[in-house]
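Listing of model_9.json; format and content: JSON, C-alpha atoms and all ligand atoms.
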```
[["chain", "number", "residue", "atom", "x", "y", "z"],
["A", 1, "MET", "CA", -44.45, 9.21, -20.28],
["A", 2, "ARG", "CA", -44.16, 5.42, -20.64],
["A", 3, "TYR", "CA", -46.82, 5.43, -23.39],
["A", 4, "ALA", "CA", -44.96, 8.15, -25.32],
["A", 5, "CYS", "CA", -41.68, 6.20, -25.14],
["A", 6, "SER", "CA", -43.20, 2.90, -26.33],
["A", 7, "GLY", "CA", -42.47, 1.58, -29.81],
["A", 8, "GLY", "CA", -40.43, 3.36, -32.43],
["A", 9, "LYS", "CA", -37.31, 2.16, -34.20],
["A", 10, "ARG", "CA", -34.90, 3.24, -31.42],
["A", 11, "LEU", "CA", -32.54, 4.48, -34.12],
["A", 12, "ARG", "CA", -30.99, 7.19, -31.96],
["A", 13, "ALA", "CA", -30.44, 4.77, -29.04],
["A", 14, "PHE", "CA", -28.83, 2.34, -31.49],
["A", 15, "LEU", "CA", -26.40, 5.05, -32.66],
["A", 16, "VAL", "CA", -25.44, 5.81, -29.05],
["A", 17, "LEU", "CA", -24.83, 2.13, -28.22],
["A", 18, "GLU", "CA", -22.80, 1.48, -31.38],
["A", 19, "GLY", "CA", -20.70, 4.63, -30.88],
["A", 20, "ALA", "CA", -20.11, 3.57, -27.28],
["A", 21, "ARG", "CA", -19.13, 0.04, -28.31],
["A", 22, "LEU", "CA", -16.59, 1.41, -30.81],
["A", 23, "HIS", "CA", -14.94, 3.28, -27.93],
["A", 24, "ASP", "CA", -15.17, 0.51, -25.29],
["A", 25, "VAL", "CA", -17.52, 2.56, -23.12],
["A", 26, "PRO", "CA", -19.10, 0.39, -20.35],
["A", 27, "LEU", "CA", -22.72, -0.58, -21.00],
["A", 28, "ASP", "CA", -24.24, 1.18, -17.95],
["A", 29, "PRO", "CA", -23.53, 4.81, -18.91],
["A", 30, "ALA", "CA", -24.11, 3.95, -22.59],
["A", 31, "LEU", "CA", -27.62, 2.72, -21.74],
["A", 32, "ASP", "CA", -28.29, 5.90, -19.72],
["A", 33, "ALA", "CA", -27.28, 8.00, -22.73],
["A", 34, "ALA", "CA", -29.35, 5.83, -25.09],
["A", 35, "ALA", "CA", -32.42, 6.16, -22.86],
["A", 36, "ALA", "CA", -31.84, 9.91, -22.52],
["A", 37, "ILE", "CA", -31.86, 10.54, -26.26],
["A", 38, "GLU", "CA", -34.99, 8.42, -26.76],
["A", 39, "ALA", "CA", -36.69, 10.46, -23.99],
["A", 40, "ILE", "CA", -35.76, 13.71, -25.77],
["A", 41, "HIS", "CA", -36.92, 12.26, -29.11],
["A", 42, "ALA", "CA", -40.23, 11.10, -27.57],
["A", 43, "TYR", "CA", -40.79, 14.54, -26.02],
["A", 44, "SER", "CA", -40.21, 16.17, -29.41],
["A", 45, "LEU", "CA", -42.76, 13.86, -31.06],
["A", 46, "VAL", "CA", -45.40, 14.44, -28.35],
["A", 47, "HIS", "CA", -45.01, 18.22, -28.68],
["A", 48, "ASP", "CA", -44.80, 18.09, -32.48],
["A", 49, "ASP", "CA", -48.14, 16.22, -32.55],
["A", 50, "LEU", "CA", -49.97, 18.88, -30.45],
["A", 51, "PRO", "CA", -52.84, 20.85, -32.05],
["A", 52, "SER", "CA", -50.71, 24.03, -31.99],
["A", 53, "MET", "CA", -47.95, 22.30, -33.97],
["A", 54, "ASP", "CA", -48.58, 19.50, -36.45],
["A", 55, "ASP", "CA", -51.96, 18.46, -35.00],
["A", 56, "ASP", "CA", -51.56, 14.72, -35.52],
["A", 57, "ASP", "CA", -53.98, 12.08, -34.20],
["A", 58, "LEU", "CA", -51.75, 9.04, -34.65],
["A", 59, "ARG", "CA", -48.16, 8.31, -33.70],
["A", 60, "ARG", "CA", -46.50, 4.91, -34.03],
["A", 61, "GLY", "CA", -49.90, 3.49, -34.99],
["A", 62, "LEU", "CA", -51.59, 4.62, -31.75],
["A", 63, "PRO", "CA", -53.53, 7.72, -30.66],
["A", 64, "THR", "CA", -51.19, 10.62, -29.87],
["A", 65, "VAL", "CA", -50.82, 11.59, -26.20],
["A", 66, "HIS", "CA", -53.11, 14.66, -26.45],
["A", 67, "VAL", "CA", -55.80, 12.57, -28.20],
["A", 68, "LYS", "CA", -55.62, 9.70, -25.67],
["A", 69, "TRP", "CA", -55.53, 12.08, -22.66],
["A", 70, "ASN", "CA", -55.70, 15.84, -23.41],
["A", 71, "GLU", "CA", -53.57, 18.74, -24.59],
["A", 72, "ALA", "CA", -52.33, 19.74, -21.13],
["A", 73, "THR", "CA", -51.15, 16.17, -20.57],
["A", 74, "GLY", "CA", -49.30, 16.24, -23.90],
["A", 75, "ILE", "CA", -47.46, 19.43, -22.92],
["A", 76, "LEU", "CA", -46.58, 18.10, -19.46],
["A", 77, "VAL", "CA", -45.50, 14.67, -20.70],
["A", 78, "GLY", "CA", -43.09, 16.33, -23.14],
["A", 79, "ASP", "CA", -41.75, 18.66, -20.44],
["A", 80, "ALA", "CA", -41.25, 15.79, -18.01],
["A", 81, "LEU", "CA", -39.53, 13.59, -20.60],
["A", 82, "GLN", "CA", -37.08, 16.38, -21.34],
["A", 83, "SER", "CA", -36.23, 16.80, -17.64],
["A", 84, "HIS", "CA", -35.95, 13.03, -17.26],
["A", 85, "ALA", "CA", -33.38, 12.86, -20.08],
["A", 86, "PHE", "CA", -31.08, 15.29, -18.30],
["A", 87, "ALA", "CA", -31.61, 13.50, -14.98],
["A", 88, "LEU", "CA", -30.51, 10.23, -16.62],
["A", 89, "LEU", "CA", -27.32, 11.86, -17.93],
["A", 90, "ALA", "CA", -26.62, 13.57, -14.60],
["A", 91, "GLY", "CA", -26.80, 10.14, -12.91],
["A", 92, "ALA", "CA", -24.66, 8.31, -15.49],
["A", 93, "ASN", "CA", -21.61, 6.52, -14.11],
["A", 94, "LEU", "CA", -18.98, 8.65, -15.85],
["A", 95, "ASP", "CA", -16.10, 10.92, -14.98],
["A", 96, "GLY", "CA", -17.55, 14.38, -14.08],
["A", 97, "SER", "CA", -16.08, 16.27, -17.04],
["A", 98, "ARG", "CA", -17.37, 13.70, -19.57],
["A", 99, "ARG", "CA", -20.80, 13.72, -17.96],
["A", 100, "LEU", "CA", -20.89, 17.50, -18.15],
["A", 101, "ALA", "CA", -19.78, 17.44, -21.80],
["A", 102, "LEU", "CA", -22.64, 15.04, -22.67],
["A", 103, "ILE", "CA", -25.17, 17.23, -20.86],
["A", 104, "ALA", "CA", -23.91, 20.46, -22.44],
["A", 105, "ASP", "CA", -23.88, 18.89, -25.92],
["A", 106, "LEU", "CA", -27.43, 17.61, -25.52],
["A", 107, "ALA", "CA", -28.67, 20.99, -24.28],
["A", 108, "ARG", "CA", -27.14, 22.57, -27.40],
["A", 109, "CYS", "CA", -28.41, 19.94, -29.86],
["A", 110, "ALA", "CA", -31.96, 19.79, -28.45],
["A", 111, "GLY", "CA", -32.44, 23.47, -27.66],
["A", 112, "GLY", "CA", -32.75, 26.86, -29.33],
["A", 113, "GLN", "CA", -29.62, 26.36, -31.45],
["A", 114, "GLY", "CA", -30.59, 22.82, -32.43],
["A", 115, "MET", "CA", -33.86, 20.87, -32.68],
["A", 116, "VAL", "CA", -36.09, 23.63, -31.28],
["A", 117, "LEU", "CA", -34.62, 26.11, -33.78],
["A", 118, "GLY", "CA", -35.34, 23.62, -36.60],
["A", 119, "GLN", "CA", -38.92, 23.27, -35.41],
["A", 120, "ALA", "CA", -39.28, 27.07, -35.24],
["A", 121, "LEU", "CA", -37.93, 27.43, -38.78],
["A", 122, "ASP", "CA", -40.37, 24.75, -39.93],
["A", 123, "ILE", "CA", -43.35, 26.49, -38.34],
["A", 124, "ALA", "CA", -42.26, 29.86, -39.77],
["A", 125, "ALA", "CA", -42.06, 28.25, -43.23],
["A", 126, "GLU", "CA", -45.79, 27.49, -43.07],
["A", 127, "THR", "CA", -46.64, 31.19, -43.21],
["A", 128, "ALA", "CA", -43.69, 32.40, -45.31],
["A", 129, "ASP", "CA", -44.43, 34.26, -48.54],
["A", 130, "ALA", "CA", -42.48, 31.76, -50.66],
["A", 131, "PRO", "CA", -41.51, 28.09, -50.30],
["A", 132, "LEU", "CA", -38.04, 27.49, -48.84],
["A", 133, "SER", "CA", -35.04, 26.91, -51.11],
["A", 134, "LEU", "CA", -33.04, 23.66, -51.04],
["A", 135, "ASP", "CA", -30.32, 25.26, -48.90],
["A", 136, "GLN", "CA", -32.92, 26.57, -46.45],
["A", 137, "ILE", "CA", -34.55, 23.12, -46.19],
["A", 138, "LYS", "CA", -31.13, 21.55, -45.58],
["A", 139, "ARG", "CA", -30.44, 24.04, -42.77],
["A", 140, "LEU", "CA", -33.89, 23.49, -41.26],
["A", 141, "GLN", "CA", -33.54, 19.70, -41.28],
["A", 142, "ALA", "CA", -29.94, 19.75, -40.04],
["A", 143, "HIS", "CA", -31.33, 21.41, -36.91],
["A", 144, "LYS", "CA", -34.74, 19.72, -36.63],
["A", 145, "THR", "CA", -33.68, 16.08, -37.01],
["A", 146, "GLY", "CA", -29.92, 16.17, -37.71],
["A", 147, "ALA", "CA", -28.88, 17.67, -34.37],
["A", 148, "LEU", "CA", -30.16, 14.70, -32.33],
["A", 149, "PHE", "CA", -28.58, 12.25, -34.78],
["A", 150, "GLY", "CA", -25.30, 14.14, -34.27],
["A", 151, "TRP", "CA", -25.49, 13.90, -30.49],
["A", 152, "SER", "CA", -26.42, 10.21, -30.65],
["A", 153, "ALA", "CA", -23.60, 9.17, -32.96],
["A", 154, "THR", "CA", -20.93, 11.16, -31.11],
["A", 155, "ALA", "CA", -21.99, 10.39, -27.51],
["A", 156, "GLY", "CA", -19.75, 7.29, -27.34],
["A", 157, "ALA", "CA", -16.69, 9.29, -28.40],
["A", 158, "VAL", "CA", -17.57, 12.04, -25.90],
["A", 159, "MET", "CA", -17.93, 9.45, -23.11],
["A", 160, "ALA", "CA", -14.47, 8.10, -24.02],
["A", 161, "ASP", "CA", -12.92, 11.55, -24.50],
["A", 162, "ALA", "CA", -12.01, 10.50, -28.06],
["A", 163, "ASP", "CA", -12.10, 12.29, -31.43],
["A", 164, "ALA", "CA", -15.76, 12.56, -32.45],
["A", 165, "ALA", "CA", -15.12, 14.05, -35.93],
["A", 166, "PRO", "CA", -15.64, 10.86, -38.03],
["A", 167, "LEU", "CA", -18.89, 10.02, -36.23],
["A", 168, "SER", "CA", -20.02, 13.61, -36.56],
["A", 169, "ALA", "CA", -19.44, 13.45, -40.34],
["A", 170, "TYR", "CA", -21.32, 10.12, -40.44],
["A", 171, "ALA", "CA", -24.26, 11.63, -38.53],
["A", 172, "ASN", "CA", -24.46, 14.72, -40.77],
["A", 173, "ALA", "CA", -24.79, 12.58, -43.90],
["A", 174, "LEU", "CA", -27.08, 10.07, -42.17],
["A", 175, "GLY", "CA", -29.43, 12.78, -40.85],
["A", 176, "LEU", "CA", -29.88, 14.32, -44.27],
["A", 177, "ALA", "CA", -30.39, 10.91, -45.91],
["A", 178, "PHE", "CA", -32.98, 10.09, -43.21],
["A", 179, "GLN", "CA", -34.93, 13.27, -43.90],
["A", 180, "ILE", "CA", -34.85, 12.82, -47.68],
["A", 181, "ALA", "CA", -36.04, 9.22, -47.19],
["A", 182, "ASP", "CA", -38.81, 10.54, -44.90],
["A", 183, "ASP", "CA", -40.00, 12.93, -47.63],
["A", 184, "ILE", "CA", -39.92, 10.08, -50.18],
["A", 185, "LEU", "CA", -41.89, 7.83, -47.80],
["A", 186, "ASP", "CA", -44.51, 10.57, -47.33],
["A", 187, "VAL", "CA", -45.06, 10.78, -51.07],
["A", 188, "GLU", "CA", -45.01, 7.03, -51.63],
["A", 189, "GLY", "CA", -47.33, 6.39, -48.65],
["A", 190, "ASP", "CA", -49.85, 8.94, -49.88],
["A", 191, "GLU", "CA", -49.69, 7.58, -53.39],
["A", 192, "ALA", "CA", -50.19, 4.01, -52.19],
["A", 193, "GLN", "CA", -53.28, 5.06, -50.21],
["A", 194, "THR", "CA", -54.93, 7.41, -52.69],
["A", 195, "GLY", "CA", -53.40, 6.63, -56.06],
["A", 196, "LYS", "CA", -52.32, 10.29, -56.30],
["A", 197, "ARG", "CA", -50.09, 12.77, -54.47],
["A", 198, "VAL", "CA", -51.86, 14.55, -51.59],
["A", 199, "GLN", "CA", -50.63, 16.73, -48.74],
["A", 200, "LYS", "CA", -52.13, 17.33, -45.30],
["A", 201, "ASP", "CA", -53.20, 20.97, -44.68],
["A", 202, "SER", "CA", -50.17, 21.84, -42.53],
["A", 203, "GLN", "CA", -47.88, 20.61, -45.35],
["A", 204, "ALA", "CA", -49.69, 22.43, -48.15],
["A", 205, "GLY", "CA", -47.33, 24.67, -50.12],
["A", 206, "LYS", "CA", -44.35, 23.55, -48.00],
["A", 207, "ALA", "CA", -41.18, 22.74, -49.88],
["A", 208, "THR", "CA", -39.71, 19.27, -49.28],
["A", 209, "PHE", "CA", -36.67, 17.53, -50.76],
["A", 210, "VAL", "CA", -39.01, 15.72, -53.15],
["A", 211, "SER", "CA", -40.90, 18.84, -54.25],
["A", 212, "LEU", "CA", -37.62, 20.69, -54.84],
["A", 213, "MET", "CA", -35.52, 17.92, -56.40],
["A", 214, "GLY", "CA", -38.05, 15.50, -57.86],
["A", 215, "LEU", "CA", -38.46, 11.89, -56.73],
["A", 216, "GLU", "CA", -35.62, 10.27, -58.72],
["A", 217, "ALA", "CA", -33.05, 12.96, -57.87],
["A", 218, "ALA", "CA", -34.07, 12.71, -54.20],
["A", 219, "ARG", "CA", -33.51, 8.93, -54.28],
["A", 220, "THR", "CA", -30.08, 9.41, -55.88],
["A", 221, "ALA", "CA", -29.12, 12.09, -53.35],
["A", 222, "ALA", "CA", -30.14, 9.85, -50.44],
["A", 223, "GLN", "CA", -28.08, 6.97, -51.86],
["A", 224, "ARG", "CA", -25.03, 9.25, -52.24],
["A", 225, "LEU", "CA", -25.39, 10.47, -48.68],
["A", 226, "VAL", "CA", -25.45, 6.89, -47.40],
["A", 227, "GLU", "CA", -22.19, 6.22, -49.27],
["A", 228, "GLU", "CA", -20.75, 9.41, -47.74],
["A", 229, "ALA", "CA", -21.88, 8.28, -44.27],
["A", 230, "CYS", "CA", -20.23, 4.87, -44.77],
["A", 231, "ASP", "CA", -16.99, 6.48, -46.03],
["A", 232, "ALA", "CA", -16.81, 8.61, -42.88],
["A", 233, "LEU", "CA", -16.60, 5.39, -40.85],
["A", 234, "ARG", "CA", -13.33, 4.27, -42.50],
["A", 235, "PRO", "CA", -11.19, 4.96, -39.37],
["A", 236, "TYR", "CA", -13.18, 2.31, -37.46],
["A", 237, "GLY", "CA", -12.69, -0.45, -40.06],
["A", 238, "THR", "CA", -14.96, -3.48, -39.80],
["A", 239, "GLY", "CA", -15.94, -2.52, -36.22],
["A", 240, "ALA", "CA", -18.39, -0.02, -37.67],
["A", 241, "GLU", "CA", -20.30, -2.51, -39.85],
["A", 242, "ASN", "CA", -23.51, -2.15, -37.78],
["A", 243, "LEU", "CA", -23.42, 1.62, -38.31],
["A", 244, "ARG", "CA", -22.97, 1.08, -42.08],
["A", 245, "GLN", "CA", -25.99, -1.22, -42.08],
["A", 246, "ALA", "CA", -27.99, 1.39, -40.15],
["A", 247, "ALA", "CA", -27.18, 3.95, -42.86],
["A", 248, "ARG", "CA", -28.42, 1.56, -45.56],
["A", 249, "PHE", "CA", -31.53, 0.80, -43.49],
["A", 250, "VAL", "CA", -32.39, 4.50, -43.22],
["A", 251, "ILE", "CA", -33.09, 4.76, -46.94],
["A", 252, "SER", "CA", -34.63, 1.31, -47.39],
["A", 253, "ARG", "CA", -37.07, 1.47, -44.43],
["A", 254, "GLN", "CA", -40.82, 1.49, -44.97],
["A", 255, "GLY", "CA", -41.72, 3.62, -41.92],
["B", 301, "LIG", "C1", -41.56, 20.03, -30.79],
["B", 301, "LIG", "C2", -39.36, 21.08, -30.10],
["B", 301, "LIG", "C3", -40.12, 20.17, -30.99],
["B", 301, "LIG", "C4", -39.45, 19.53, -31.94],
["B", 301, "LIG", "C5", -40.04, 18.56, -32.83],
["B", 301, "LIG", "C6", -38.16, 16.08, -34.62],
["B", 301, "LIG", "C7", -39.31, 16.99, -34.54],
["B", 301, "LIG", "C8", -39.06, 18.30, -33.92],
["B", 301, "LIG", "C9", -40.51, 16.66, -35.00],
["B", 301, "LIG", "C10", -40.80, 15.39, -35.63],
["B", 301, "LIG", "C11", -41.65, 15.60, -36.83],
["B", 301, "LIG", "C12", -41.37, 14.54, -37.79],
["B", 301, "LIG", "C13", -42.34, 13.41, -37.79],
["B", 301, "LIG", "C14", -40.32, 14.65, -38.61],
["B", 301, "LIG", "C15", -39.98, 13.63, -39.60],
["B", 301, "LIG", "C16", -38.71, 12.95, -39.26],
["B", 301, "LIG", "C17", -38.79, 12.28, -37.95],
["B", 301, "LIG", "C18", -38.04, 12.91, -36.82],
["B", 301, "LIG", "C19", -39.49, 11.17, -37.82],
["B", 301, "LIG", "C20", -39.60, 10.42, -36.56],
["B", 301, "LIG", "O1", -38.38, 9.79, -36.24],
["B", 301, "LIG", "P1", -38.26, 8.21, -36.31],
["B", 301, "LIG", "O2", -38.70, 7.72, -37.66],
["B", 301, "LIG", "O3", -39.37, 7.83, -35.23],
["B", 301, "LIG", "O4", -36.91, 7.81, -35.86],
["B", 301, "LIG", "P2", -39.56, 6.50, -34.37],
["B", 301, "LIG", "O5", -41.05, 6.43, -34.13],
["B", 301, "LIG", "O6", -39.05, 5.32, -35.13],
["B", 301, "LIG", "O7", -38.80, 6.75, -33.11]]
```
Using structure tokens, write down the structure from this file.
Amino acid sequence: MRYACSGGKRLRAFLVLEGARLHDVPLDPALDAAAAIEAIHAYSLVHDDLPSMDDDDLRRGLPTVHVKWNEATGILVGDALQSHAFALLAGANLDGSRRLALIADLARCAGGQGMVLGQALDIAAETADAPLSLDQIKRLQAHKTGALFGWSATAGAVMADADAAPLSAYANALGLAFQIADDILDVEGDEAQTGKRVQKDSQAGKATFVSLMGLEAARTAAQRLVEEACDALRPYGTGAENLRQAARFVISRQG
């Protein structure tokens, strides 16, 4: 479990801590929520890497959990990380109703109406008769990666019983920009390595933002979404500068 949680950009934890800071939430429960979302994220990566899913050998530059140990260990590590996330939230030093709201929101965002649904749609797309449309890809990604971004950015407002709408709008735009940037990075990384565009077997024939929009239009769309994300932060004034920088980072990152 420790191995699976090592490394990574900690982007989701950062969103939790910044959202909490904007709402004057004490550091202790904010750190519990930040750790919880990274545990859920790590579980999703361990399971996504399994042979029955994306079958990846490397994650964060190191052997994936099922390669380093075995497949059963990968399944169990993911299961245990998920339980650990909810245990962290259940133990957070918060008023009972706020703690329950955080837990219920995370169950919704991570589960069968959120990230797991997105993953299911993604797997179904591999055997679909036709590639997905742009709207279908947007829906898939809003669930697969966007839902956890949404929980992360709004957790601070939930912990403070404040209006979460601006941070929710920020997270929606940020999540989509992140996924478009991820598709662009995939193409650019492959091109840098091989000099031409290649796709791994599990991606073959799968529609992405780049395959549907083209590289330049995808870049422009990601840039627009970052501006939209920054605009959503207007109610917080200069206090939200770190979140604005995070949005710009999401489309300028190299990994
Ligand atoms: C197995 C239920 C289940 C869900 C898996 C999120 C997900 C669903 C799979 C991840 C597959 C993937 C690599 C998608 C691309 C976008 C993404 C989530 C990248 C990883 O997130 P980063 O870049 O990772 O924030 P780090 O390593 O920095 O934490």
Query - Within 7 Å of ligand LIG 301 (chain B), counting all atoms listed in the file, residues as a list in words - result: Gly7, Gly8, Lys9, Arg10, Leu11, His41, Ser44, Leu45, His47, Asp48, Arg60, Met115, Val116, Gln119, Lys144, Thr145, Gln179, Asp182 and Gly255 of chain A
Requested in this report: Please identify all polymer residues within 12 Å of A:Arg2, counting only C-alpha atoms, omitting same-chain residues fewer than 2 positions from it, and present them as a ChimeraX atom specification.
Outcome: /A:4-7,35,38-39,42-43,46,65,77-78,80-81,84
How big is the axis-aligned box around the listed atoms of stretch 244-252 of chain A once 6 Å is added on each side, and where is its centre? Give both in Å to one decimal, as lines of an AutoDock Vina configuration file.
```
center_x = -28.8
center_y = 1.8
center_z = -43.8
size_x = 23.7
size_y = 18.0
size_z = 19.2
```
Requested in this report: Using only C-alpha atoms, find the one residue out of A:Ala221, A:Leu148, A:Gln254, A:Asp231 that sits nearest to A:Val187.
Outcome: A:Gln254
Report summary line: Pairwise distance, atom CA of A:Ala247 with atom CA of A:Asn172, equals 11.3 Å
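Residue nearest A:Ala160, chosen from A:Lys68, A:Arg99, A:His143, A:Arg248 and counting only C-alpha atoms: A:Arg99.
Using all atoms listed in the file, the shortest contact distance between A:Gly96 and any of A:Pro131, A:Asp161, A:Glu241, A:Gly118 is found at A:Asp161.
Each of A:Thr154, A:Asn70, A:Gln245, A:Thr208 was checked against A:Glu227 using all atoms listed in the file; the smallest atom-to-atom distance is that of A:Gln245.
Residue nearest A:Ala142, chosen from A:Pro26, A:Gly74, A:Pro51, A:Gly114 and counting only C-alpha atoms: A:Gly114.
Nearest-residue note for A:Tyr236: choosing from A:Arg98, A:Arg59, A:Lys206, A:His23, the minimum distance belongs to A:His23, counting all atoms listed in the file.
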Where atoms are lacking, stretch 163-174 of chain A completed to N, CA and C atoms, as a PDB file, in the frame of the given file:
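Final output, result_11.pdb:
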```
ATOM      1  N   ASP A 163     -11.757  11.425 -30.299  1.00  0.00           N
ATOM      2  CA  ASP A 163     -12.100  12.290 -31.430  1.00  0.00           C
ATOM      3  C   ASP A 163     -13.475  11.904 -31.989  1.00  0.00           C
ATOM      4  N   ALA A 164     -14.396  12.862 -31.997  1.00  0.00           N
ATOM      5  CA  ALA A 164     -15.760  12.560 -32.450  1.00  0.00           C
ATOM      6  C   ALA A 164     -15.971  12.953 -33.910  1.00  0.00           C
ATOM      7  N   ALA A 165     -14.927  13.494 -34.577  1.00  0.00           N
ATOM      8  CA  ALA A 165     -15.120  14.050 -35.930  1.00  0.00           C
ATOM      9  C   ALA A 165     -15.656  13.034 -36.943  1.00  0.00           C
ATOM     10  N   PRO A 166     -15.101  11.801 -37.016  1.00  0.00           N
ATOM     11  CA  PRO A 166     -15.640  10.860 -38.030  1.00  0.00           C
ATOM     12  C   PRO A 166     -17.106  10.537 -37.784  1.00  0.00           C
ATOM     13  N   LEU A 167     -17.481  10.353 -36.512  1.00  0.00           N
ATOM     14  CA  LEU A 167     -18.890  10.020 -36.230  1.00  0.00           C
ATOM     15  C   LEU A 167     -19.787  11.224 -36.456  1.00  0.00           C
ATOM     16  N   SER A 168     -19.247  12.406 -36.285  1.00  0.00           N
ATOM     17  CA  SER A 168     -20.020  13.610 -36.560  1.00  0.00           C
ATOM     18  C   SER A 168     -20.292  13.719 -38.068  1.00  0.00           C
ATOM     19  N   ALA A 169     -19.268  13.422 -38.875  1.00  0.00           N
ATOM     20  CA  ALA A 169     -19.440  13.450 -40.340  1.00  0.00           C
ATOM     21  C   ALA A 169     -20.451  12.394 -40.772  1.00  0.00           C
ATOM     22  N   TYR A 170     -20.351  11.205 -40.167  1.00  0.00           N
ATOM     23  CA  TYR A 170     -21.320  10.120 -40.440  1.00  0.00           C
ATOM     24  C   TYR A 170     -22.738  10.606 -40.141  1.00  0.00           C
ATOM     25  N   ALA A 171     -22.913  11.220 -38.953  1.00  0.00           N
ATOM     26  CA  ALA A 171     -24.260  11.630 -38.530  1.00  0.00           C
ATOM     27  C   ALA A 171     -24.820  12.728 -39.438  1.00  0.00           C
ATOM     28  N   ASN A 172     -23.969  13.648 -39.886  1.00  0.00           N
ATOM     29  CA  ASN A 172     -24.460  14.720 -40.770  1.00  0.00           C
ATOM     30  C   ASN A 172     -25.047  14.132 -42.053  1.00  0.00           C
ATOM     31  N   ALA A 173     -24.301  13.196 -42.655  1.00  0.00           N
ATOM     32  CA  ALA A 173     -24.790  12.580 -43.900  1.00  0.00           C
ATOM     33  C   ALA A 173     -26.014  11.707 -43.619  1.00  0.00           C
ATOM     34  N   LEU A 174     -25.966  10.956 -42.515  1.00  0.00           N
ATOM     35  CA  LEU A 174     -27.080  10.070 -42.170  1.00  0.00           C
ATOM     36  C   LEU A 174     -28.370  10.863 -41.919  1.00  0.00           C
TER      37      LEU A 174
END
```
